[in-house]
Structure formats: C-alpha cells, structure tokens
$ cat start15.cif   # mmCIF, N, CA and C atoms
data_model
loop_
_atom_site.label_atom_id
_atom_site.label_comp_id
_atom_site.auth_asym_id
_atom_site.auth_seq_id
_atom_site.Cartn_x
_atom_site.Cartn_y
_atom_site.Cartn_z
N MET A 1 129.41 70.88 102.35
CA MET A 1 130.34 70.01 103.03
C MET A 1 130.13 70.18 104.53
N THR A 2 129.79 69.13 105.22
CA THR A 2 129.54 69.16 106.65
C THR A 2 130.62 68.36 107.35
N CYS A 3 131.07 68.89 108.46
CA CYS A 3 132.10 68.21 109.22
C CYS A 3 131.45 67.50 110.40
N ILE A 4 131.58 66.21 110.44
CA ILE A 4 131.03 65.42 111.54
C ILE A 4 132.21 64.96 112.39
N VAL A 5 132.17 65.35 113.66
CA VAL A 5 133.23 64.95 114.57
C VAL A 5 132.70 63.80 115.41
N GLU A 6 133.39 62.70 115.38
CA GLU A 6 132.98 61.55 116.16
C GLU A 6 134.20 60.91 116.80
N PHE A 7 133.99 60.32 117.96
CA PHE A 7 135.08 59.65 118.64
C PHE A 7 135.21 58.26 118.05
N SER A 8 136.34 57.99 117.52
CA SER A 8 136.57 56.68 116.92
C SER A 8 136.96 55.68 117.99
N GLN A 9 136.42 54.48 117.91
CA GLN A 9 136.79 53.43 118.85
C GLN A 9 138.23 52.97 118.62
N HIS A 10 138.73 53.22 117.42
CA HIS A 10 140.10 52.84 117.11
C HIS A 10 141.10 53.90 117.59
N CYS A 11 140.59 55.06 117.92
CA CYS A 11 141.46 56.17 118.28
C CYS A 11 141.47 56.30 119.80
N LYS A 12 142.45 55.73 120.47
CA LYS A 12 142.53 55.70 121.92
C LYS A 12 143.64 56.62 122.40
N PHE A 13 143.42 57.18 123.58
CA PHE A 13 144.46 58.03 124.17
C PHE A 13 145.56 57.13 124.73
N LEU A 14 146.73 57.33 124.23
CA LEU A 14 147.89 56.59 124.71
C LEU A 14 148.90 57.61 125.19
N PHE A 15 149.13 57.61 126.48
CA PHE A 15 150.06 58.57 127.06
C PHE A 15 151.47 58.17 126.67
N ASP A 16 152.11 58.98 125.90
CA ASP A 16 153.44 58.68 125.40
C ASP A 16 154.47 59.12 126.44
N LYS A 17 155.02 58.15 127.18
CA LYS A 17 155.94 58.44 128.28
C LYS A 17 157.26 59.01 127.78
N GLN A 18 157.69 58.58 126.62
CA GLN A 18 158.95 59.10 126.09
C GLN A 18 158.83 60.58 125.74
N MET A 19 157.74 60.96 125.14
CA MET A 19 157.55 62.36 124.80
C MET A 19 157.35 63.20 126.06
N PHE A 20 156.65 62.63 127.06
CA PHE A 20 156.46 63.36 128.31
C PHE A 20 157.78 63.56 129.04
N SER A 21 158.63 62.53 129.03
CA SER A 21 159.95 62.68 129.67
C SER A 21 160.79 63.71 128.91
N SER A 22 160.57 63.83 127.62
CA SER A 22 161.26 64.85 126.84
C SER A 22 160.86 66.24 127.32
N ILE A 23 159.59 66.42 127.68
CA ILE A 23 159.13 67.71 128.21
C ILE A 23 159.82 68.00 129.53
N ILE A 24 159.90 67.00 130.40
CA ILE A 24 160.52 67.18 131.72
C ILE A 24 161.98 67.56 131.56
N PHE A 25 162.72 66.82 130.72
CA PHE A 25 164.14 67.11 130.55
C PHE A 25 164.36 68.48 129.88
N ALA A 26 163.50 68.84 128.96
CA ALA A 26 163.61 70.16 128.33
C ALA A 26 163.32 71.26 129.34
N ALA A 27 162.36 71.03 130.23
CA ALA A 27 162.07 72.02 131.28
C ALA A 27 163.26 72.18 132.23
N VAL A 28 163.92 71.07 132.56
CA VAL A 28 165.13 71.15 133.39
C VAL A 28 166.22 71.92 132.65
N GLY A 29 166.32 71.71 131.34
CA GLY A 29 167.27 72.46 130.53
C GLY A 29 166.99 73.95 130.53
N VAL A 30 165.72 74.33 130.47
CA VAL A 30 165.35 75.75 130.52
C VAL A 30 165.72 76.34 131.88
N LEU A 31 165.46 75.58 132.95
CA LEU A 31 165.83 76.07 134.29
C LEU A 31 167.34 76.23 134.42
N GLY A 32 168.10 75.26 133.91
CA GLY A 32 169.56 75.37 133.94
C GLY A 32 170.06 76.54 133.13
N ALA A 33 169.45 76.78 131.99
CA ALA A 33 169.84 77.91 131.15
C ALA A 33 169.52 79.23 131.85
N ALA A 34 168.37 79.29 132.51
CA ALA A 34 168.00 80.52 133.23
C ALA A 34 168.98 80.78 134.38
N TYR A 35 169.39 79.72 135.08
CA TYR A 35 170.36 79.87 136.16
C TYR A 35 171.70 80.36 135.61
N CYS A 36 172.17 79.75 134.54
CA CYS A 36 173.44 80.15 133.93
C CYS A 36 173.37 81.58 133.41
N PHE A 37 172.25 81.95 132.81
CA PHE A 37 172.08 83.29 132.28
C PHE A 37 172.15 84.32 133.40
N SER A 38 171.42 84.08 134.48
CA SER A 38 171.41 85.05 135.58
C SER A 38 172.76 85.10 136.29
N LEU A 39 173.41 83.95 136.46
CA LEU A 39 174.73 83.92 137.08
C LEU A 39 175.74 84.69 136.24
N SER A 40 175.70 84.52 134.94
CA SER A 40 176.62 85.22 134.04
C SER A 40 176.37 86.72 134.04
N ALA A 41 175.11 87.12 134.05
CA ALA A 41 174.79 88.55 134.08
C ALA A 41 175.28 89.19 135.37
N VAL A 42 175.11 88.50 136.49
CA VAL A 42 175.60 89.03 137.77
C VAL A 42 177.12 89.09 137.77
N ALA A 43 177.78 88.06 137.24
CA ALA A 43 179.25 88.03 137.21
C ALA A 43 179.80 89.16 136.33
N ILE A 44 179.17 89.42 135.21
CA ILE A 44 179.62 90.51 134.34
C ILE A 44 179.42 91.85 135.05
N HIS A 45 178.29 91.99 135.72
CA HIS A 45 178.02 93.25 136.43
C HIS A 45 178.98 93.47 137.59
N LYS A 46 179.29 92.40 138.32
CA LYS A 46 180.15 92.52 139.51
C LYS A 46 181.62 92.68 139.15
N GLY A 47 182.04 92.02 138.09
CA GLY A 47 183.45 92.10 137.69
C GLY A 47 184.27 91.00 138.33
N PRO A 48 185.51 90.85 137.89
CA PRO A 48 186.36 89.77 138.41
C PRO A 48 186.96 90.11 139.77
N LYS A 49 187.33 89.06 140.48
CA LYS A 49 188.08 89.22 141.72
C LYS A 49 189.55 89.21 141.34
N CYS A 50 190.28 90.22 141.81
CA CYS A 50 191.69 90.30 141.44
C CYS A 50 192.50 90.90 142.58
N GLU A 51 193.81 90.86 142.41
CA GLU A 51 194.72 91.37 143.44
C GLU A 51 195.02 92.84 143.19
N ILE A 52 194.80 93.65 144.24
CA ILE A 52 195.13 95.07 144.20
C ILE A 52 195.92 95.38 145.48
N ASN A 53 197.16 95.78 145.31
CA ASN A 53 198.03 96.12 146.45
C ASN A 53 198.11 95.00 147.48
N GLY A 54 198.20 93.76 147.00
CA GLY A 54 198.35 92.61 147.88
C GLY A 54 197.05 92.06 148.45
N ASN A 55 195.92 92.69 148.19
CA ASN A 55 194.62 92.23 148.68
C ASN A 55 193.79 91.70 147.52
N TRP A 56 193.14 90.56 147.74
CA TRP A 56 192.23 90.00 146.74
C TRP A 56 190.84 90.54 147.02
N THR A 57 190.31 91.25 146.06
CA THR A 57 189.02 91.91 146.24
C THR A 57 188.30 92.09 144.90
N TYR A 58 187.06 92.53 145.00
CA TYR A 58 186.28 92.91 143.81
C TYR A 58 186.37 94.43 143.70
N PRO A 59 187.25 94.95 142.87
CA PRO A 59 187.49 96.39 142.86
C PRO A 59 186.45 97.20 142.09
N PHE A 60 185.66 96.56 141.28
CA PHE A 60 184.74 97.29 140.42
C PHE A 60 183.36 97.32 141.05
N LYS A 61 182.72 98.46 140.96
CA LYS A 61 181.40 98.62 141.56
C LYS A 61 180.37 98.91 140.47
N ASP A 62 179.27 98.17 140.53
CA ASP A 62 178.11 98.41 139.66
C ASP A 62 178.45 98.41 138.17
N GLY A 63 179.36 97.57 137.76
CA GLY A 63 179.68 97.45 136.34
C GLY A 63 180.39 98.64 135.76
N ASN A 64 181.00 99.49 136.59
CA ASN A 64 181.65 100.70 136.08
C ASN A 64 182.87 100.38 135.21
N TYR A 65 183.44 99.20 135.35
CA TYR A 65 184.62 98.84 134.56
C TYR A 65 184.28 98.58 133.10
N LEU A 66 183.02 98.35 132.80
CA LEU A 66 182.64 98.07 131.41
C LEU A 66 182.79 99.29 130.52
N GLU A 67 182.62 100.47 131.07
CA GLU A 67 182.73 101.70 130.29
C GLU A 67 184.12 102.33 130.37
N ASP A 68 184.80 102.14 131.49
CA ASP A 68 186.08 102.78 131.72
C ASP A 68 187.19 101.72 131.71
N HIS A 69 187.86 101.58 130.59
CA HIS A 69 188.89 100.55 130.45
C HIS A 69 190.15 100.88 131.24
N GLU A 70 190.30 102.12 131.68
CA GLU A 70 191.46 102.48 132.50
C GLU A 70 191.41 101.77 133.85
N LEU A 71 190.21 101.44 134.32
CA LEU A 71 190.07 100.74 135.59
C LEU A 71 190.65 99.32 135.52
N TRP A 72 190.77 98.77 134.33
CA TRP A 72 191.28 97.41 134.18
C TRP A 72 192.71 97.30 134.68
N ASN A 73 193.45 98.42 134.64
CA ASN A 73 194.85 98.40 135.06
C ASN A 73 195.00 98.28 136.57
N GLN A 74 193.92 98.44 137.32
CA GLN A 74 193.98 98.29 138.77
C GLN A 74 194.34 96.86 139.17
N CYS A 75 193.87 95.90 138.39
CA CYS A 75 194.12 94.48 138.70
C CYS A 75 195.55 94.13 138.31
N LYS A 76 196.34 93.76 139.30
CA LYS A 76 197.74 93.40 139.04
C LYS A 76 197.90 91.91 138.78
N SER A 77 197.08 91.11 139.42
CA SER A 77 197.19 89.66 139.26
C SER A 77 195.78 89.08 139.35
N PRO A 78 195.47 88.07 138.63
CA PRO A 78 196.16 87.46 137.49
C PRO A 78 196.17 88.39 136.27
N ALA A 79 197.13 88.17 135.43
CA ALA A 79 197.29 89.01 134.23
C ALA A 79 196.10 88.84 133.30
N ASN A 80 195.65 89.93 132.75
CA ASN A 80 194.55 89.97 131.76
C ASN A 80 193.26 89.32 132.29
N ILE A 81 192.99 89.47 133.57
CA ILE A 81 191.81 88.83 134.15
C ILE A 81 190.51 89.47 133.65
N VAL A 82 190.50 90.76 133.42
CA VAL A 82 189.25 91.44 133.03
C VAL A 82 188.79 90.99 131.64
N PRO A 83 189.66 90.99 130.60
CA PRO A 83 189.19 90.49 129.31
C PRO A 83 188.80 89.01 129.35
N TRP A 84 189.55 88.23 130.12
CA TRP A 84 189.23 86.80 130.25
C TRP A 84 187.86 86.64 130.90
N HIS A 85 187.61 87.37 131.97
CA HIS A 85 186.34 87.32 132.69
C HIS A 85 185.18 87.72 131.79
N LEU A 86 185.35 88.82 131.06
CA LEU A 86 184.29 89.28 130.17
C LEU A 86 184.02 88.29 129.04
N THR A 87 185.09 87.72 128.48
CA THR A 87 184.92 86.74 127.40
C THR A 87 184.18 85.51 127.90
N LEU A 88 184.63 84.96 129.02
CA LEU A 88 184.01 83.74 129.56
C LEU A 88 182.53 83.94 129.85
N PHE A 89 182.20 84.97 130.61
CA PHE A 89 180.81 85.14 131.03
C PHE A 89 179.92 85.68 129.91
N SER A 90 180.48 86.37 128.94
CA SER A 90 179.69 86.77 127.77
C SER A 90 179.32 85.55 126.93
N LEU A 91 180.28 84.65 126.75
CA LEU A 91 179.98 83.41 126.01
C LEU A 91 178.94 82.57 126.75
N LEU A 92 179.08 82.48 128.07
CA LEU A 92 178.09 81.73 128.85
C LEU A 92 176.71 82.37 128.76
N LEU A 93 176.67 83.69 128.74
CA LEU A 93 175.40 84.41 128.63
C LEU A 93 174.72 84.10 127.30
N VAL A 94 175.48 84.17 126.23
CA VAL A 94 174.93 83.90 124.89
C VAL A 94 174.51 82.43 124.76
N MET A 95 175.37 81.53 125.20
CA MET A 95 175.06 80.11 125.05
C MET A 95 173.87 79.68 125.91
N SER A 96 173.72 80.27 127.09
CA SER A 96 172.56 79.93 127.91
C SER A 96 171.28 80.47 127.28
N GLY A 97 171.35 81.60 126.61
CA GLY A 97 170.19 82.10 125.89
C GLY A 97 169.79 81.17 124.75
N VAL A 98 170.78 80.69 124.01
CA VAL A 98 170.51 79.74 122.93
C VAL A 98 169.94 78.44 123.51
N GLN A 99 170.52 77.97 124.61
CA GLN A 99 170.03 76.75 125.24
C GLN A 99 168.58 76.90 125.69
N ALA A 100 168.23 78.03 126.26
CA ALA A 100 166.86 78.26 126.71
C ALA A 100 165.88 78.21 125.54
N VAL A 101 166.25 78.82 124.43
CA VAL A 101 165.37 78.81 123.25
C VAL A 101 165.21 77.39 122.71
N LEU A 102 166.32 76.66 122.57
CA LEU A 102 166.24 75.30 122.04
C LEU A 102 165.46 74.37 122.97
N CYS A 103 165.67 74.50 124.27
CA CYS A 103 164.93 73.66 125.21
C CYS A 103 163.44 74.00 125.23
N ALA A 104 163.12 75.27 125.08
CA ALA A 104 161.71 75.66 125.01
C ALA A 104 161.04 75.07 123.76
N ILE A 105 161.76 75.10 122.65
CA ILE A 105 161.24 74.49 121.41
C ILE A 105 161.04 72.99 121.61
N GLN A 106 162.01 72.34 122.26
CA GLN A 106 161.91 70.90 122.51
C GLN A 106 160.74 70.59 123.45
N ALA A 107 160.51 71.43 124.44
CA ALA A 107 159.38 71.21 125.35
C ALA A 107 158.06 71.31 124.60
N LEU A 108 157.94 72.30 123.71
CA LEU A 108 156.72 72.41 122.89
C LEU A 108 156.56 71.21 121.97
N ASN A 109 157.66 70.77 121.38
CA ASN A 109 157.62 69.60 120.52
C ASN A 109 157.18 68.37 121.31
N GLY A 110 157.70 68.21 122.51
CA GLY A 110 157.31 67.08 123.35
C GLY A 110 155.85 67.17 123.78
N LEU A 111 155.38 68.40 124.04
CA LEU A 111 153.98 68.58 124.41
C LEU A 111 153.06 68.16 123.28
N PHE A 112 153.38 68.62 122.07
CA PHE A 112 152.57 68.21 120.92
C PHE A 112 152.67 66.72 120.66
N GLY A 113 153.85 66.15 120.87
CA GLY A 113 154.01 64.71 120.69
C GLY A 113 153.24 63.91 121.72
N THR A 114 153.18 64.41 122.95
CA THR A 114 152.43 63.72 124.00
C THR A 114 150.93 63.78 123.73
N ILE A 115 150.47 64.93 123.31
CA ILE A 115 149.03 65.10 123.06
C ILE A 115 148.60 64.41 121.78
N CYS A 116 149.38 64.55 120.74
CA CYS A 116 148.94 64.13 119.43
C CYS A 116 149.50 62.78 118.99
N GLY A 117 150.48 62.24 119.67
CA GLY A 117 151.07 60.98 119.23
C GLY A 117 151.75 61.17 117.90
N ASP A 118 151.50 60.27 116.97
CA ASP A 118 152.10 60.43 115.64
C ASP A 118 151.20 61.24 114.71
N CYS A 119 150.08 61.71 115.23
CA CYS A 119 149.16 62.64 114.55
C CYS A 119 148.55 62.10 113.27
N SER A 120 148.51 60.80 113.12
CA SER A 120 147.91 60.29 111.90
C SER A 120 146.39 60.48 111.91
N CYS A 121 145.78 60.47 113.09
CA CYS A 121 144.33 60.70 113.07
C CYS A 121 144.00 62.18 112.97
N CYS A 122 145.00 63.03 113.17
CA CYS A 122 144.77 64.45 112.92
C CYS A 122 144.52 64.68 111.44
N CYS A 123 145.04 63.79 110.65
CA CYS A 123 144.88 63.90 109.20
C CYS A 123 143.71 63.06 108.71
N GLY A 124 142.96 62.47 109.62
CA GLY A 124 141.79 61.71 109.23
C GLY A 124 142.05 60.24 109.00
N VAL A 125 143.21 59.72 109.40
CA VAL A 125 143.52 58.31 109.23
C VAL A 125 143.48 57.66 110.60
N SER A 126 142.75 56.56 110.73
CA SER A 126 142.60 55.89 112.01
C SER A 126 143.92 55.25 112.43
N ASN A 127 144.23 55.37 113.69
CA ASN A 127 145.44 54.79 114.23
C ASN A 127 145.21 54.56 115.71
N ASP A 128 145.65 53.43 116.25
CA ASP A 128 145.46 53.13 117.66
C ASP A 128 146.23 54.06 118.58
N ARG A 129 147.24 54.75 118.07
CA ARG A 129 148.06 55.62 118.92
C ARG A 129 147.54 57.04 119.04
N CYS A 130 146.53 57.39 118.29
CA CYS A 130 146.12 58.79 118.23
C CYS A 130 145.11 59.14 119.31
N PRO A 131 145.36 60.19 120.11
CA PRO A 131 144.44 60.56 121.18
C PRO A 131 143.36 61.55 120.76
N LEU A 132 143.41 62.05 119.56
CA LEU A 132 142.45 63.08 119.15
C LEU A 132 141.22 62.49 118.51
N LEU A 133 140.24 63.33 118.35
CA LEU A 133 139.02 62.91 117.68
C LEU A 133 139.26 62.83 116.18
N LEU A 134 138.61 61.86 115.55
CA LEU A 134 138.70 61.75 114.10
C LEU A 134 137.75 62.74 113.45
N MET A 135 138.22 63.33 112.43
CA MET A 135 137.39 64.23 111.66
C MET A 135 136.98 63.49 110.38
N SER A 136 135.73 63.35 110.15
CA SER A 136 135.29 62.75 108.90
C SER A 136 134.40 63.76 108.17
N TYR A 137 134.62 63.87 106.92
CA TYR A 137 133.91 64.85 106.12
C TYR A 137 132.88 64.13 105.25
N THR A 138 131.71 64.69 105.22
CA THR A 138 130.68 64.17 104.33
C THR A 138 130.24 65.27 103.40
N HIS A 139 129.98 64.93 102.21
CA HIS A 139 129.51 65.91 101.24
C HIS A 139 128.00 65.95 101.29
N THR A 140 127.41 67.14 101.42
CA THR A 140 125.96 67.26 101.41
C THR A 140 125.52 68.25 100.35
#
$ encode --input "start15.cif" --output "structure tokens"
Amino acid sequence: MTCIVEFSQHCKFLFDKQMFSSIIFAAVGVLGAAYCFSLSAVAIHKGPKCEINGNWTYPFKDGNYLEDHELWNQCKSPANIVPWHLTLFSLLLVMSGVQAVLCAIQALNGLFGTICGDCSCCCGVSNDRCPLLLMSYTHT
C-alpha cells in the first residue's frame, strides 16, 4: 500500500474568518481570565480594607490573616468583611481558572477549524472548503 500525496485542484485554501475571529475572542477571554486570576490572588493575599479604631486601612500584612482567624476581629466595620472578601475572591479565582481553560480549548478548536475547515478532505473526500492536501491510497 503506497500513499500518494497530491494537491487536489478541488481542495483550495479558504480562510475561515468566523473560526479565526473565534480564536481572537478566545484569546481575549484568556487574557481577561488571567487578569481576573491575578487580581483575585493579590486581593486574597492583601486582605480586605476595613475600619480599625476609626481609620479605614488594610490591617493584614502578607496574607497573615489566612492562618490566624483571631486577626479577623480587628475589623470593626463592615461586619463580616473578611469571610465575605475571601468568599468573593476565592470564587473569582476558581471561575477565572475555569474560564482560562475553556477559552484555551476554544482557541485550539478555532485554530483547527481555521486550518482544516470542515476537514472532509482530511478523510480523503474532496471538498472546495478544505485547505489540506488530499491523501489518496493506491494498492501495490
């Protein structure tokens, strides 16, 4: 069995603009997810801004409040700000990670769609939309 690779006249490169725009939008989604992820990580590390003795400040240094829950009582106002802060930014951290993964998958899908079209000629069937070379097999 010999594989003869030939360029089919019926198989033309057609730049699929919709799939390419999908790559661009997915890349923007990955960038947005990376921004949200880093912002959430910094916010969790820095801690919430709260009122201590009449002054609004960031009382926690270097994420020390994450291990020592007694420090949470330093914040007098707003009530329960530390658990609220941790819940909000932890959810944002997780969701931005999920978003980054899904957008990366979509970007790869768009890349394959842009290169391969509907991929019918990848399977050896001629199609005007396929940018790849046709593979034809001959028995010898």
$ select_by_dssp --input "start15.cif" --residues "range 19-93 of chain A" --states "helix (DSSP H, G or I)" --output "ChimeraX atom specification"
/A:19-46,64-66,69-74,81-93
$ write_last_selection --input "start15.cif" --atoms "N, CA and C atoms" --output "short mmCIF file (atom, residue, chain, number, x, y, z; two decimals), in the frame of the given file"
data_model
loop_
_atom_site.label_atom_id
_atom_site.label_comp_id
_atom_site.auth_asym_id
_atom_site.auth_seq_id
_atom_site.Cartn_x
_atom_site.Cartn_y
_atom_site.Cartn_z
N MET A 19 157.74 60.96 125.14
CA MET A 19 157.55 62.36 124.80
C MET A 19 157.35 63.20 126.06
N PHE A 20 156.65 62.63 127.06
CA PHE A 20 156.46 63.36 128.31
C PHE A 20 157.78 63.56 129.04
N SER A 21 158.63 62.53 129.03
CA SER A 21 159.95 62.68 129.67
C SER A 21 160.79 63.71 128.91
N SER A 22 160.57 63.83 127.62
CA SER A 22 161.26 64.85 126.84
C SER A 22 160.86 66.24 127.32
N ILE A 23 159.59 66.42 127.68
CA ILE A 23 159.13 67.71 128.21
C ILE A 23 159.82 68.00 129.53
N ILE A 24 159.90 67.00 130.40
CA ILE A 24 160.52 67.18 131.72
C ILE A 24 161.98 67.56 131.56
N PHE A 25 162.72 66.82 130.72
CA PHE A 25 164.14 67.11 130.55
C PHE A 25 164.36 68.48 129.88
N ALA A 26 163.50 68.84 128.96
CA ALA A 26 163.61 70.16 128.33
C ALA A 26 163.32 71.26 129.34
N ALA A 27 162.36 71.03 130.23
CA ALA A 27 162.07 72.02 131.28
C ALA A 27 163.26 72.18 132.23
N VAL A 28 163.92 71.07 132.56
CA VAL A 28 165.13 71.15 133.39
C VAL A 28 166.22 71.92 132.65
N GLY A 29 166.32 71.71 131.34
CA GLY A 29 167.27 72.46 130.53
C GLY A 29 166.99 73.95 130.53
N VAL A 30 165.72 74.33 130.47
CA VAL A 30 165.35 75.75 130.52
C VAL A 30 165.72 76.34 131.88
N LEU A 31 165.46 75.58 132.95
CA LEU A 31 165.83 76.07 134.29
C LEU A 31 167.34 76.23 134.42
N GLY A 32 168.10 75.26 133.91
CA GLY A 32 169.56 75.37 133.94
C GLY A 32 170.06 76.54 133.13
N ALA A 33 169.45 76.78 131.99
CA ALA A 33 169.84 77.91 131.15
C ALA A 33 169.52 79.23 131.85
N ALA A 34 168.37 79.29 132.51
CA ALA A 34 168.00 80.52 133.23
C ALA A 34 168.98 80.78 134.38
N TYR A 35 169.39 79.72 135.08
CA TYR A 35 170.36 79.87 136.16
C TYR A 35 171.70 80.36 135.61
N CYS A 36 172.17 79.75 134.54
CA CYS A 36 173.44 80.15 133.93
C CYS A 36 173.37 81.58 133.41
N PHE A 37 172.25 81.95 132.81
CA PHE A 37 172.08 83.29 132.28
C PHE A 37 172.15 84.32 133.40
N SER A 38 171.42 84.08 134.48
CA SER A 38 171.41 85.05 135.58
C SER A 38 172.76 85.10 136.29
N LEU A 39 173.41 83.95 136.46
CA LEU A 39 174.73 83.92 137.08
C LEU A 39 175.74 84.69 136.24
N SER A 40 175.70 84.52 134.94
CA SER A 40 176.62 85.22 134.04
C SER A 40 176.37 86.72 134.04
N ALA A 41 175.11 87.12 134.05
CA ALA A 41 174.79 88.55 134.08
C ALA A 41 175.28 89.19 135.37
N VAL A 42 175.11 88.50 136.49
CA VAL A 42 175.60 89.03 137.77
C VAL A 42 177.12 89.09 137.77
N ALA A 43 177.78 88.06 137.24
CA ALA A 43 179.25 88.03 137.21
C ALA A 43 179.80 89.16 136.33
N ILE A 44 179.17 89.42 135.21
CA ILE A 44 179.62 90.51 134.34
C ILE A 44 179.42 91.85 135.05
N HIS A 45 178.29 91.99 135.72
CA HIS A 45 178.02 93.25 136.43
C HIS A 45 178.98 93.47 137.59
N LYS A 46 179.29 92.40 138.32
CA LYS A 46 180.15 92.52 139.51
C LYS A 46 181.62 92.68 139.15
N ASN A 64 181.00 99.49 136.59
CA ASN A 64 181.65 100.70 136.08
C ASN A 64 182.87 100.38 135.21
N TYR A 65 183.44 99.20 135.35
CA TYR A 65 184.62 98.84 134.56
C TYR A 65 184.28 98.58 133.10
N LEU A 66 183.02 98.35 132.80
CA LEU A 66 182.64 98.07 131.41
C LEU A 66 182.79 99.29 130.52
N HIS A 69 187.86 101.58 130.59
CA HIS A 69 188.89 100.55 130.45
C HIS A 69 190.15 100.88 131.24
N GLU A 70 190.30 102.12 131.68
CA GLU A 70 191.46 102.48 132.50
C GLU A 70 191.41 101.77 133.85
N LEU A 71 190.21 101.44 134.32
CA LEU A 71 190.07 100.74 135.59
C LEU A 71 190.65 99.32 135.52
N TRP A 72 190.77 98.77 134.33
CA TRP A 72 191.28 97.41 134.18
C TRP A 72 192.71 97.30 134.68
N ASN A 73 193.45 98.42 134.64
CA ASN A 73 194.85 98.40 135.06
C ASN A 73 195.00 98.28 136.57
N GLN A 74 193.92 98.44 137.32
CA GLN A 74 193.98 98.29 138.77
C GLN A 74 194.34 96.86 139.17
N ILE A 81 192.99 89.47 133.57
CA ILE A 81 191.81 88.83 134.15
C ILE A 81 190.51 89.47 133.65
N VAL A 82 190.50 90.76 133.42
CA VAL A 82 189.25 91.44 133.03
C VAL A 82 188.79 90.99 131.64
N PRO A 83 189.66 90.99 130.60
CA PRO A 83 189.19 90.49 129.31
C PRO A 83 188.80 89.01 129.35
N TRP A 84 189.55 88.23 130.12
CA TRP A 84 189.23 86.80 130.25
C TRP A 84 187.86 86.64 130.90
N HIS A 85 187.61 87.37 131.97
CA HIS A 85 186.34 87.32 132.69
C HIS A 85 185.18 87.72 131.79
N LEU A 86 185.35 88.82 131.06
CA LEU A 86 184.29 89.28 130.17
C LEU A 86 184.02 88.29 129.04
N THR A 87 185.09 87.72 128.48
CA THR A 87 184.92 86.74 127.40
C THR A 87 184.18 85.51 127.90
N LEU A 88 184.63 84.96 129.02
CA LEU A 88 184.01 83.74 129.56
C LEU A 88 182.53 83.94 129.85
N PHE A 89 182.20 84.97 130.61
CA PHE A 89 180.81 85.14 131.03
C PHE A 89 179.92 85.68 129.91
N SER A 90 180.48 86.37 128.94
CA SER A 90 179.69 86.77 127.77
C SER A 90 179.32 85.55 126.93
N LEU A 91 180.28 84.65 126.75
CA LEU A 91 179.98 83.41 126.01
C LEU A 91 178.94 82.57 126.75
N LEU A 92 179.08 82.48 128.07
CA LEU A 92 178.09 81.73 128.85
C LEU A 92 176.71 82.37 128.76
N LEU A 93 176.67 83.69 128.74
CA LEU A 93 175.40 84.41 128.63
C LEU A 93 174.72 84.10 127.30
#
$ resolve_selection --input "start15.cif" --expression "the PyMOL selection byres ((chain A and resi 86-103) around 6)" --output "VMD selection string"
chain A and resid 26 to 27 29 to 30 33 36 to 37 40 81 to 85 104 to 108
$ residues_around --input "start15.cif" --residues "range 50-54 of chain A" --least-positions-apart "5" --cutoff "8 Å" --atoms "only N, CA and C atoms" --output "list in words"
Pro59, Phe60, Gln74, Cys75, Lys76, Ser77, Pro78 and Ile81 of chain A
$ closest_residue --input "start15.cif" --among "A:Ile44, A:Val28, A:Met19, A:Leu39" --to "Gly110 in chain A" --atoms "only C-alpha atoms"
A:Met19
$ select_by_dssp --input "start15.cif" --residues "range 51-123 of chain A" --states "strand (DSSP E)" --output "list in words"
Glu51, Ile52, Asn55, Trp56 and Thr57 of chain A
$ atom_distance --input "start15.cif" --atom1 "CA of Asn80 in chain A" --atom2 "atom C of Gly47 in chain A"
12.2 Å
$ atom_distance --input "start15.cif" --atom1 "CA of Lys61 in chain A" --atom2 "atom C of Ala34 in chain A"
22.9 Å
$ atom_distance --input "start15.cif" --atom1 "atom C of Thr57 in chain A" --atom2 "CA of Tyr35 in chain A"
23.4 Å
$ decode --input "start15.cif" --residues "range 28-37 of chain A" --atoms "N, CA, C and O atoms" --output "PDB file, in the first residue's frame"
ATOM      1  N   VAL A  28      -8.795  36.813  23.842  1.00  0.00           N
ATOM      2  CA  VAL A  28      -9.190  37.918  24.723  1.00  0.00           C
ATOM      3  C   VAL A  28      -9.781  37.359  26.022  1.00  0.00           C
ATOM      4  O   VAL A  28      -9.524  37.883  27.108  1.00  0.00           O
ATOM      5  N   GLY A  29     -10.536  36.276  25.923  1.00  0.00           N
ATOM      6  CA  GLY A  29     -11.075  35.618  27.108  1.00  0.00           C
ATOM      7  C   GLY A  29      -9.989  35.076  28.018  1.00  0.00           C
ATOM      8  O   GLY A  29     -10.086  35.166  29.243  1.00  0.00           O
ATOM      9  N   VAL A  30      -8.938  34.513  27.440  1.00  0.00           N
ATOM     10  CA  VAL A  30      -7.813  34.008  28.236  1.00  0.00           C
ATOM     11  C   VAL A  30      -7.106  35.164  28.935  1.00  0.00           C
ATOM     12  O   VAL A  30      -6.753  35.073  30.116  1.00  0.00           O
ATOM     13  N   LEU A  31      -6.925  36.281  28.212  1.00  0.00           N
ATOM     14  CA  LEU A  31      -6.290  37.448  28.830  1.00  0.00           C
ATOM     15  C   LEU A  31      -7.140  38.001  29.975  1.00  0.00           C
ATOM     16  O   LEU A  31      -6.611  38.358  31.036  1.00  0.00           O
ATOM     17  N   GLY A  32      -8.450  38.070  29.771  1.00  0.00           N
ATOM     18  CA  GLY A  32      -9.349  38.527  30.834  1.00  0.00           C
ATOM     19  C   GLY A  32      -9.324  37.600  32.031  1.00  0.00           C
ATOM     20  O   GLY A  32      -9.328  38.047  33.185  1.00  0.00           O
ATOM     21  N   ALA A  33      -9.279  36.307  31.775  1.00  0.00           N
ATOM     22  CA  ALA A  33      -9.218  35.334  32.869  1.00  0.00           C
ATOM     23  C   ALA A  33      -7.902  35.455  33.628  1.00  0.00           C
ATOM     24  O   ALA A  33      -7.878  35.364  34.855  1.00  0.00           O
ATOM     25  N   ALA A  34      -6.810  35.676  32.909  1.00  0.00           N
ATOM     26  CA  ALA A  34      -5.507  35.836  33.564  1.00  0.00           C
ATOM     27  C   ALA A  34      -5.497  37.097  34.432  1.00  0.00           C
ATOM     28  O   ALA A  34      -4.968  37.083  35.548  1.00  0.00           O
ATOM     29  N   TYR A  35      -6.107  38.173  33.936  1.00  0.00           N
ATOM     30  CA  TYR A  35      -6.191  39.410  34.716  1.00  0.00           C
ATOM     31  C   TYR A  35      -7.025  39.186  35.980  1.00  0.00           C
ATOM     32  O   TYR A  35      -6.618  39.581  37.075  1.00  0.00           O
ATOM     33  N   CYS A  36      -8.178  38.553  35.841  1.00  0.00           N
ATOM     34  CA  CYS A  36      -9.050  38.288  36.985  1.00  0.00           C
ATOM     35  C   CYS A  36      -8.363  37.360  37.984  1.00  0.00           C
ATOM     36  O   CYS A  36      -8.456  37.565  39.197  1.00  0.00           O
ATOM     37  N   PHE A  37      -7.662  36.361  37.491  1.00  0.00           N
ATOM     38  CA  PHE A  37      -6.963  35.420  38.354  1.00  0.00           C
ATOM     39  C   PHE A  37      -5.893  36.135  39.177  1.00  0.00           C
ATOM     40  O   PHE A  37      -5.803  35.964  40.396  1.00  0.00           O
TER      41      PHE A  37
END
